[in-house]
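Working notes, structure below.
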Amino acid sequence: MTFKPMTFEKVGVIGAGAWGTALAQVAARAGLAVTLQAREPEVVAAINDAHENAVFLPGIALEPGIKAVADLADLADCDLILAVAPAQHLRAALTAFAPHRMAGAPVVLCSKGVEQGSLKLMTDVAAEALPGAPIAVLSGPSFAGEVARNLPAAVTLACEDEALGRAIAEAIAIPTFRPYTANDLIGAEAGGAVKNVLAIACGIVEGKGLGRNAHATVITRGFAELTRLAVALGARPETVAGLCGLGDLVLTCSSPQSRNMSVGLALGQGLTLEQALAGKVSVAEGVASAPAVRALARKVGVEAPICEAVAAILAGEVAVDEAIAGLLSRPLKPEA
């Protein structure tokens, strides 16, 4: 099949977790034919037979036009790909999909995180797994359940090719899902990666009962860390001040509905990491990304004390109370 530039008819979604399923809903409502790939046979069967993802997004009726498949080869005729596999599994998913990708079909990265070991952002991972593929990044404040239920949301759609970015945005936009375009991919993805770690910190603040002042402080000083790291990686500060950075940070740090904040909440209440993660079917990306974010910040020489503290807590290097005391005893300095 020949790829038709700037027009999209068939969307393939890699990963049928909560966010992948929600994005399939958006694409179907936008009038596109949607094929949603899932690893779990029970998820494939439930979506096709009952129009519900009972494992990752229970209780939400899915658009009847969404077709679920298990094999990545079934996405071979899709002219637009949304890659929603968890960050630590994205390389494997894209490598497996590479032989099946339609020539020229853009790949929109919808996962947030820093790859462990390589310390690479998702755009670097995608460039290595899919050489030459047009890449875009989708990020912003968007709880999957709300998006799937057709509640309003706005996100950043970043693509170096601005015409392609506009075409993708127009293809998936609906009144309740508004993609704002940008051309700063690093800014779009760096904010999404770091905010998950900061959400764990905010959850700890809530779990310890440290109050709203402390919560606001962690968000604000965490945003300073996020911005420093993003700029050091080549992002523009105005990008992370938008939906994909500040917007996503505020949402993820303000509600226990956030998987990452809920983990921090449990840690702050005295549970172990294993207990905090018990029973969760969806991935809390911040747990996997925290050590990588810490290592990346050290590598580029950026001071990130809150991210450092979260990584140390998750690794069992310090107790929660010790980490808090360490942050509160840091030397005073100019805010800027």
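Residues are referred to by chain and number: the chain letter is A, B, ... according to the order shown in the structure tokens, the number counts from 1 in that chain, and ligands are numbered separately from 1 in the order shown.
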
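Of the residues in region 141-289 of chain A, those that DSSP places in strand (DSSP E) on the basis of the backbone are Ala153, Ala154, Val155, Thr156, Leu157, Ala158, Cys159, Phe177, Arg178, Pro179, Tyr180, Thr181 and Ala182 of chain A.
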
task = Would you mind writing down, as a ChimeraX atom specification, each residue of region 30-203 of chain A that DSSP on the backbone assigns to alpha helix (DSSP H)?
result = /A:41-50,90-97,122-129,144-148,162-172,185-203

With C-alpha atoms retained, export the selected residues as a compact mmCIF listing (two decimals), in the first residue's frame.
```txt
# COMPACT_ATOMS: atom_id res chain seq x y z
CA PRO A 41 -5.65 -12.28 24.86
CA GLU A 42 -8.40 -11.48 27.37
CA VAL A 43 -8.13 -7.77 26.55
CA VAL A 44 -8.38 -8.47 22.81
CA ALA A 45 -11.45 -10.67 23.36
CA ALA A 46 -13.19 -8.21 25.68
CA ILE A 47 -12.71 -5.25 23.36
CA ASN A 48 -13.95 -7.13 20.31
CA ASP A 49 -16.82 -8.95 22.02
CA ALA A 50 -18.00 -6.59 24.75
CA LEU A 90 8.92 0.85 24.00
CA ARG A 91 12.19 -0.22 22.34
CA ALA A 92 11.13 -3.88 22.24
CA ALA A 93 7.67 -3.01 20.94
CA LEU A 94 8.94 -0.74 18.15
CA THR A 95 11.68 -3.17 17.17
CA ALA A 96 9.10 -5.92 16.82
CA PHE A 97 6.83 -3.62 14.83
CA MET A 122 11.72 8.04 23.82
CA THR A 123 12.56 9.94 20.62
CA ASP A 124 16.08 8.52 20.71
CA VAL A 125 14.73 5.04 21.37
CA ALA A 126 12.32 5.35 18.45
CA ALA A 127 15.00 6.68 16.10
CA GLU A 128 17.11 3.59 16.81
CA ALA A 129 14.25 1.11 16.58
CA ALA A 144 -7.01 8.23 30.50
CA GLY A 145 -10.38 7.64 32.12
CA GLU A 146 -11.52 11.20 31.54
CA VAL A 147 -10.37 11.19 27.92
CA ALA A 148 -12.09 7.85 27.32
CA GLU A 162 5.35 21.38 11.33
CA ALA A 163 3.09 20.51 8.37
CA LEU A 164 3.07 16.86 9.40
CA GLY A 165 2.40 17.85 12.99
CA ARG A 166 -0.61 19.89 11.92
CA ALA A 167 -1.90 17.02 9.79
CA ILE A 168 -1.65 14.57 12.69
CA ALA A 169 -3.29 17.03 15.07
CA GLU A 170 -6.15 17.63 12.66
CA ALA A 171 -6.61 13.91 12.10
CA ILE A 172 -7.09 13.05 15.78
CA LEU A 185 10.20 17.26 20.74
CA ILE A 186 12.69 17.25 23.60
CA GLY A 187 10.64 19.78 25.54
CA ALA A 188 7.47 17.80 24.99
CA GLU A 189 8.90 14.51 26.20
CA ALA A 190 11.27 15.73 28.94
CA GLY A 191 8.40 17.31 30.85
CA GLY A 192 6.37 14.13 30.68
CA ALA A 193 9.25 11.99 31.90
CA VAL A 194 10.22 14.09 34.92
CA LYS A 195 6.70 14.96 36.09
CA ASN A 196 6.00 11.31 36.96
CA VAL A 197 8.90 11.31 39.42
CA LEU A 198 7.72 14.58 40.96
CA ALA A 199 4.20 13.17 41.30
CA ILE A 200 5.60 10.47 43.58
CA ALA A 201 7.14 13.24 45.70
CA CYS A 202 3.79 15.04 45.92
CA GLY A 203 2.12 11.79 46.92
```

query = Can you tell me, as a list of chain:residue names, what residues are no more than 7 Å from region 5-19 of chain A when counting only C-alpha atoms, ignoring any on the same chain fewer than 5 positions away?
reply =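 These residues fall inside the cut-off: A:Ala24, A:Leu32, A:Ala33, A:Val34, A:Thr35, A:Leu36, A:Gln37, A:Ala38, A:Phe56, A:Leu57, A:Leu75, A:Cys78, A:Asp79, A:Leu80, A:Ile81, A:Leu82, A:Ala83, A:Val84, A:Ala85, A:Ala144, A:Leu164, A:Ala167, A:Ala171, A:Ser282.
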
Could you write out that same residue set with C-alpha atoms as a PDB file, in the first residue's frame?
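Output saved as out.pdb:
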```pdb
ATOM      1  CA  ALA A  24      -8.126   4.609  20.456  1.00  0.00           C
ATOM      2  CA  LEU A  32     -10.573   7.053  11.773  1.00  0.00           C
ATOM      3  CA  ALA A  33     -10.476   3.276  11.460  1.00  0.00           C
ATOM      4  CA  VAL A  34      -8.709   2.082  14.613  1.00  0.00           C
ATOM      5  CA  THR A  35      -6.768  -1.119  15.247  1.00  0.00           C
ATOM      6  CA  LEU A  36      -5.685  -1.494  18.871  1.00  0.00           C
ATOM      7  CA  GLN A  37      -2.909  -3.981  19.627  1.00  0.00           C
ATOM      8  CA  ALA A  38      -2.880  -5.706  23.018  1.00  0.00           C
ATOM      9  CA  PHE A  56      -7.204  -1.476  32.201  1.00  0.00           C
ATOM     10  CA  LEU A  57     -10.256   0.777  31.716  1.00  0.00           C
ATOM     11  CA  LEU A  75      -1.069  -2.910  11.982  1.00  0.00           C
ATOM     12  CA  CYS A  78      -2.162   1.594   9.211  1.00  0.00           C
ATOM     13  CA  ASP A  79      -0.966   4.962   7.901  1.00  0.00           C
ATOM     14  CA  LEU A  80      -0.565   6.486  11.368  1.00  0.00           C
ATOM     15  CA  ILE A  81       0.829   4.775  14.470  1.00  0.00           C
ATOM     16  CA  LEU A  82       0.319   5.775  18.096  1.00  0.00           C
ATOM     17  CA  ALA A  83       2.976   4.050  20.214  1.00  0.00           C
ATOM     18  CA  VAL A  84       1.669   3.714  23.759  1.00  0.00           C
ATOM     19  CA  ALA A  85       3.754   0.858  25.142  1.00  0.00           C
ATOM     20  CA  ALA A 144      -7.014   8.227  30.497  1.00  0.00           C
ATOM     21  CA  LEU A 164       3.070  16.859   9.395  1.00  0.00           C
ATOM     22  CA  ALA A 167      -1.896  17.022   9.794  1.00  0.00           C
ATOM     23  CA  ALA A 171      -6.608  13.912  12.098  1.00  0.00           C
ATOM     24  CA  SER A 282      -1.343  -0.093  35.094  1.00  0.00           C
TER      25      SER A 282
END
```

query = Neighbours of Leu246 (chain A) within 12 Å (only C-alpha atoms; same-chain residues fewer than 3 positions away dropped), as a ChimeraX atom specification?
reply = /A:139-141,155-156,187-188,190-192,194-196,198,219-227,237-243,249-253

message = Taking only C-alpha atoms into account, name the residue in A:Leu151, A:Ala136, A:Ser255, A:Pro131 that is nearest to Pro99 (chain A).
response =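 Of the candidates, the smallest distance to Pro99 (chain A) is held by A:Pro131.
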
Find the nearest atom pair between each residue of region 248-276 of chain A and region 283-304 of chain A for residues within 12 Å, count only C-alpha atoms, give distances in Å to one decimal, sort rows by chain and ascending number, and present the table as CSV.
```
residue,atom,partner,partner_atom,distance
A:Thr252,CA,A:Gly286,CA,10.8
A:Cys253,CA,A:Gly286,CA,11.8
A:Gln257,CA,A:Ala284,CA,11.4
A:Ser258,CA,A:Ala284,CA,8.5
A:Arg259,CA,A:Ala284,CA,5.3
A:Asn260,CA,A:Ala284,CA,5.1
A:Met261,CA,A:Ala284,CA,8.8
A:Ser262,CA,A:Ala284,CA,8.9
A:Val263,CA,A:Ala284,CA,7.7
A:Gly264,CA,A:Val287,CA,9.6
A:Leu267,CA,A:Val287,CA,11.8
A:Leu273,CA,A:Val287,CA,9.2
A:Glu274,CA,A:Val287,CA,11.1
A:Ala276,CA,A:Ala284,CA,10.5
```

query = Pick the closest to Phe143 (chain A) from A:Gly117, A:Gly245, A:Pro256, A:Gly59: which is it, counting only C-alpha atoms?
reply = A:Pro256

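In this model, the gap between CA of Lys120 (chain A) and CA of Ile135 (chain A) comes to 15.2 Å.
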
Interatomic distance (Å, one decimal) between CA of Arg149 (chain A) and CA of Leu277 (chain A) = 25.7 Å

message = Which residues are near region 321-323 of chain A? Cut-off 8 Å, only C-alpha atoms, ignore same chain within fewer than 3 positions. Put them as a PyMOL selection string.
response = chain A and resi 309+312-313+318+326-327

task = Would you mind telling me which residue in A:Leu328, A:Gly65, A:Val108, A:Ala154 lies nearest to Thr217 (chain A) when using only C-alpha atoms?
result = A:Leu328

remark   = Students should find that CA of Ala70 (chain A) and CA of Ala278 (chain A) are spaced 26.2 Å
